[in-house]
file upload-v8.cif (mmCIF, C-alpha atoms)
data_target
loop_
_atom_site.label_atom_id
_atom_site.label_comp_id
_atom_site.auth_asym_id
_atom_site.auth_seq_id
_atom_site.Cartn_x
_atom_site.Cartn_y
_atom_site.Cartn_z
CA MET A 1 -33.20 -7.42 -23.76
CA THR A 2 -30.85 -7.81 -20.79
CA THR A 3 -31.84 -8.76 -17.32
CA ASP A 4 -30.38 -7.52 -14.06
CA PRO A 5 -28.68 -10.49 -12.38
CA GLY A 6 -28.90 -8.66 -9.03
CA GLY A 7 -28.49 -10.52 -5.80
CA SER A 8 -26.34 -9.93 -2.78
CA ILE A 9 -22.93 -11.31 -2.01
CA ASP A 10 -22.02 -12.60 1.44
CA SER A 11 -19.02 -10.59 2.70
CA GLY A 12 -17.37 -13.68 4.22
CA GLU A 13 -17.64 -15.61 0.97
CA PHE A 14 -16.32 -12.59 -0.94
CA ARG A 15 -13.33 -12.36 1.41
CA THR A 16 -12.64 -16.09 0.95
CA ALA A 17 -12.86 -15.87 -2.83
CA MET A 18 -10.56 -12.83 -2.96
CA GLY A 19 -8.15 -14.57 -0.57
CA ARG A 20 -7.42 -17.03 -3.37
CA PHE A 21 -5.75 -14.20 -5.30
CA ALA A 22 -2.13 -13.75 -4.22
CA SER A 23 -1.08 -10.13 -3.88
CA GLY A 24 2.14 -8.35 -3.09
CA ILE A 25 2.51 -6.38 0.12
CA THR A 26 3.46 -2.72 0.35
CA ILE A 27 3.77 -0.07 3.00
CA MET A 28 2.09 3.16 1.91
CA SER A 29 3.23 6.34 3.63
CA THR A 30 2.33 10.02 3.51
CA LEU A 31 2.77 13.16 5.56
CA GLN A 32 0.12 15.22 7.30
CA ASP A 33 1.21 18.36 9.13
CA GLY A 34 4.76 17.02 9.18
CA VAL A 35 3.77 13.70 10.77
CA ALA A 36 4.39 10.43 8.91
CA HIS A 37 1.36 8.19 8.43
CA ALA A 38 1.60 4.63 7.10
CA MET A 39 -0.39 1.48 6.43
CA THR A 40 0.05 -1.96 4.94
CA ALA A 41 -1.57 -2.16 1.51
CA ASN A 42 -2.05 -5.11 -0.79
CA ALA A 43 -4.68 -3.48 -3.03
CA PHE A 44 -2.01 -1.94 -5.25
CA THR A 45 -1.32 -2.24 -8.97
CA SER A 46 0.13 -0.47 -11.96
CA VAL A 47 -2.33 1.40 -14.17
CA SER A 48 -0.38 3.03 -17.02
CA LEU A 49 3.13 3.25 -18.45
CA ASP A 50 2.64 6.63 -20.15
CA PRO A 51 2.22 8.49 -17.91
CA PRO A 52 3.46 6.13 -15.18
CA LEU A 53 0.44 5.61 -12.90
CA VAL A 54 -0.31 3.23 -10.04
CA LEU A 55 -3.29 2.84 -7.75
CA VAL A 56 -3.87 1.87 -4.17
CA CYS A 57 -7.15 1.48 -2.28
CA VAL A 58 -7.50 3.12 1.14
CA ASP A 59 -10.23 2.23 3.63
CA HIS A 60 -12.38 5.19 4.70
CA GLY A 61 -12.13 4.08 8.33
CA VAL A 62 -8.36 4.42 8.81
CA ARG A 63 -6.51 7.60 9.71
CA MET A 64 -4.33 7.15 6.61
CA HIS A 65 -7.36 7.93 4.45
CA ASP A 66 -7.65 11.60 5.36
CA ALA A 67 -3.88 12.00 5.62
CA VAL A 68 -3.20 10.83 2.06
CA LEU A 69 -6.06 12.87 0.63
CA ASP A 70 -4.90 15.99 2.51
CA CYS A 71 -1.24 15.66 1.51
CA GLY A 72 -1.55 14.71 -2.15
CA TYR A 73 1.84 12.95 -2.11
CA TRP A 74 2.61 9.43 -0.98
CA ALA A 75 5.11 6.62 -1.27
CA LEU A 76 4.99 2.84 -1.52
CA SER A 77 7.66 0.36 -0.41
CA VAL A 78 7.31 -3.13 -1.95
CA LEU A 79 8.22 -5.55 0.83
CA SER A 80 10.41 -8.62 0.87
CA ASP A 81 9.77 -11.61 3.11
CA ALA A 82 12.30 -10.10 5.54
CA HIS A 83 9.74 -7.33 6.21
CA ARG A 84 6.93 -9.57 7.48
CA GLU A 85 6.91 -8.02 10.98
CA ILE A 86 6.71 -4.53 9.45
CA ALA A 87 3.72 -5.58 7.34
CA GLU A 88 2.01 -6.97 10.43
CA ARG A 89 2.74 -3.82 12.45
CA PHE A 90 1.27 -1.45 9.87
CA ALA A 91 -1.77 -3.68 9.24
CA LYS A 92 -2.98 -3.07 12.81
CA SER A 93 -5.05 -0.04 13.76
CA GLY A 94 -4.39 2.02 16.86
CA ARG A 95 -0.60 2.30 16.60
CA ASP A 96 1.06 5.24 18.33
CA LEU A 97 1.30 7.68 15.42
CA TYR A 98 4.50 9.26 16.70
CA ARG A 99 6.34 6.00 17.45
CA GLN A 100 5.10 3.71 14.67
CA PHE A 101 8.44 3.72 12.83
CA ASP A 102 10.53 3.12 15.97
CA GLY A 103 13.05 0.34 15.36
CA ILE A 104 12.44 0.27 11.59
CA ALA A 105 15.21 1.26 9.17
CA THR A 106 13.76 3.95 6.91
CA GLN A 107 14.85 6.64 4.52
CA THR A 108 13.19 9.80 3.29
CA GLY A 109 11.85 9.87 -0.26
CA PRO A 110 13.89 12.30 -2.37
CA LYS A 111 10.89 13.96 -4.08
CA THR A 112 8.06 13.83 -1.53
CA GLY A 113 9.76 13.46 1.84
CA CYS A 114 7.53 10.46 2.57
CA THR A 115 8.97 7.56 4.55
CA LEU A 116 10.39 4.57 2.64
CA ILE A 117 11.36 1.21 4.14
CA GLU A 118 15.06 0.45 3.74
CA GLY A 119 15.80 -2.78 1.94
CA ALA A 120 12.45 -2.79 0.13
CA LEU A 121 12.37 -4.71 -3.15
CA SER A 122 11.35 -1.47 -4.84
CA TRP A 123 9.82 1.88 -3.95
CA LEU A 124 7.78 4.57 -5.66
CA GLU A 125 6.94 8.16 -4.79
CA CYS A 126 3.67 9.49 -6.18
CA ARG A 127 1.52 12.57 -6.55
CA THR A 128 -2.21 11.97 -6.42
CA TRP A 129 -3.51 12.03 -10.00
CA ALA A 130 -7.17 11.20 -9.29
CA THR A 131 -9.41 9.65 -6.66
CA TYR A 132 -12.54 7.58 -7.16
CA PRO A 133 -15.17 6.25 -4.79
CA GLY A 134 -14.94 2.51 -4.31
CA GLY A 135 -17.50 1.39 -1.73
CA ASP A 136 -15.91 1.59 1.71
CA HIS A 137 -12.55 2.54 0.13
CA THR A 138 -11.18 5.38 -1.96
CA ILE A 139 -9.24 4.38 -5.06
CA VAL A 140 -6.21 6.66 -5.16
CA VAL A 141 -4.39 6.87 -8.50
CA GLY A 142 -0.90 8.29 -8.34
CA GLU A 143 1.54 9.62 -10.90
CA VAL A 144 4.96 8.12 -10.19
CA LEU A 145 7.50 10.91 -9.54
CA SER A 146 10.50 8.78 -8.61
CA LEU A 147 11.28 5.13 -8.02
CA GLY A 148 14.05 2.73 -7.21
CA THR A 149 14.84 -0.91 -6.67
CA GLY A 150 16.52 -2.62 -3.77
CA PRO A 151 19.89 -4.31 -3.97
CA ALA A 152 18.72 -7.93 -3.86
CA SER A 153 17.03 -9.08 -7.05
CA ASP A 154 16.87 -12.67 -5.75
CA ALA A 155 15.13 -11.78 -2.47
CA SER A 156 11.81 -13.42 -1.66
CA ALA A 157 8.76 -11.21 -2.11
CA LEU A 158 6.23 -10.94 0.69
CA ILE A 159 2.77 -11.87 -0.55
CA TYR A 160 -0.63 -12.34 1.03
CA TYR A 161 -2.50 -15.50 0.13
CA ALA A 162 -5.34 -17.48 1.75
CA GLY A 163 -5.44 -15.28 4.84
CA GLY A 164 -1.72 -15.19 5.61
CA TYR A 165 1.66 -13.83 4.66
CA ARG A 166 3.86 -16.05 2.51
CA ALA A 167 7.23 -15.82 0.79
CA LEU A 168 7.48 -15.99 -2.96
CA LYS A 169 10.97 -17.17 -3.75
CA GLY A 170 13.08 -15.20 -6.21
CA ARG A 171 15.35 -16.68 -8.79
#
call {"tool": "encode", "arguments": {"input": "upload-v8.cif", "output": "structure tokens"}}
result
Amino acid sequence: MTTDPGGSIDSGEFRTAMGRFASGITIMSTLQDGVAHAMTANAFTSVSLDPPLVLVCVDHGVRMHDAVLDCGYWALSVLSDAHREIAERFAKSGRDLYRQFDGIATQTGPKTGCTLIEGALSWLECRTWATYPGGDHTIVVGEVLSLGTGPASDASALIYYAGGYRALKGR
């Protein structure tokens, strides 16, 4: 016979515990009615090699949520430490939707047309494969349609650890 361990978890303690897990930083982008939407995402991981699948978690409360679900295509740029200001910009709510990429070097994804950050360590373009409820987020699984890597294999990766951005040195 099993028992239900039950109990509630304090959200602050949960955040602190999860903050001890270092995660890479990406910019996720999509298009909605021809307008680019973007957000900083660290809840990102690979799921499968065959077919190539990745997932990202999107908060219900951000405008990116409806945009990515409406479009069905999206892109991720894996950031280097040189992109720290970009990560900070896209982590904040309330940006001017039409000017959010001003001053940022970008390129258009060859398959989806979604915005990619130039100089990213790597990038992926995806088609939504499935979505799943995940509390206050939606888990979006994407089939990778195209990908690439940046020129600098020894660049420092941008990670998030213990409540702040950090550099993870390359080779």
call {"tool": "residues_around", "arguments": {"input": "upload-v8.cif", "residues": "Ile117 in chain A", "least_positions_apart": "4", "cutoff": "9 Å", "atoms": "only C-alpha atoms", "output": "PDB file with C-alpha atoms, in the frame of the given file"}}
result
ATOM      1  CA  ILE A  27       3.770  -0.070   3.000  1.00  0.00           C
ATOM      2  CA  LEU A  76       4.990   2.840  -1.520  1.00  0.00           C
ATOM      3  CA  SER A  77       7.660   0.360  -0.410  1.00  0.00           C
ATOM      4  CA  VAL A  78       7.310  -3.130  -1.950  1.00  0.00           C
ATOM      5  CA  LEU A  79       8.220  -5.550   0.830  1.00  0.00           C
ATOM      6  CA  HIS A  83       9.740  -7.330   6.210  1.00  0.00           C
ATOM      7  CA  ILE A 104      12.440   0.270  11.590  1.00  0.00           C
ATOM      8  CA  ALA A 105      15.210   1.260   9.170  1.00  0.00           C
ATOM      9  CA  THR A 106      13.760   3.950   6.910  1.00  0.00           C
ATOM     10  CA  GLN A 107      14.850   6.640   4.520  1.00  0.00           C
ATOM     11  CA  THR A 108      13.190   9.800   3.290  1.00  0.00           C
ATOM     12  CA  TRP A 123       9.820   1.880  -3.950  1.00  0.00           C
TER      13      TRP A 123
END
call {"tool": "closest_residue", "arguments": {"input": "upload-v8.cif", "among": "A:Cys114, A:Leu158, A:Ala167, A:Leu97", "to": "Ala41 in chain A", "atoms": "all atoms listed in the file"}}
result
A:Leu158
call {"tool": "resolve_selection", "arguments": {"input": "upload-v8.cif", "expression": "the PyMOL selection byres ((chain A and resi 63) around 10)", "output": "list in words"}}
result
His37, Ala38, Met39, Val58, Asp59, His60, Gly61, Val62, Met64, His65, Asp66, Ala67, Val68, Ser93, Gly94 and Leu97 of chain A
call {"tool": "resolve_selection", "arguments": {"input": "upload-v8.cif", "expression": "the PyMOL selection byres ((chain A and resi 20) around 10)", "output": "list of chain:residue names"}}
result
A:Arg15, A:Thr16, A:Ala17, A:Met18, A:Gly19, A:Phe21, A:Ala22, A:Ser23, A:Tyr160, A:Tyr161, A:Ala162, A:Gly163
call {"tool": "resolve_selection", "arguments": {"input": "upload-v8.cif", "expression": "the PyMOL selection byres ((chain A and resi 142) around 9)", "output": "list in words"}}
result
Pro52, Leu53, Val54, Leu55, Val56, Gly72, Tyr73, Trp74, Glu125, Cys126, Arg127, Thr128, Trp129, Ala130, Thr131, Val140, Val141, Glu143, Val144 and Leu145 of chain A
call {"tool": "closest_residue", "arguments": {"input": "upload-v8.cif", "among": "A:Asp96, A:Asp33, A:Glu88, A:Asp81", "to": "Ala157 in chain A", "atoms": "all atoms listed in the file"}}
result
A:Asp81
call {"tool": "closest_residue", "arguments": {"input": "upload-v8.cif", "among": "A:Ala155, A:Leu69, A:Leu49, A:Cys57", "to": "Gln32 in chain A", "atoms": "all atoms listed in the file"}}
result
A:Leu69
call {"tool": "residues_around", "arguments": {"input": "upload-v8.cif", "residues": "Ser156 in chain A", "least_positions_apart": "3", "cutoff": "12 Å", "atoms": "all atoms listed in the file", "output": "list in words"}}
result
Gly24, Ile25, Val78, Leu79, Ser80, Asp81, Ala82, His83, Arg84, Gly119, Ala120, Leu121, Gly150, Ala152, Ser153, Ile159, Tyr165, Arg166, Ala167, Leu168, Lys169, Gly170 and Arg171 of chain A
call {"tool": "atom_distance", "arguments": {"input": "upload-v8.cif", "atom1": "CA of Asp70 in chain A", "atom2": "CA of Ile139 in chain A"}}
result
14.5 Å
call {"tool": "atom_distance", "arguments": {"input": "upload-v8.cif", "atom1": "CA of Ile9 in chain A", "atom2": "CA of Gly164 in chain A"}}
result
22.9 Å
call {"tool": "atom_distance", "arguments": {"input": "upload-v8.cif", "atom1": "CA of Thr112 in chain A", "atom2": "CA of His137 in chain A"}}
result
23.6 Å
call {"tool": "closest_residue", "arguments": {"input": "upload-v8.cif", "among": "A:Gly134, A:Gly12, A:Gly103, A:Ile86", "to": "Ala43 in chain A", "atoms": "only C-alpha atoms"}}
result
A:Gly134
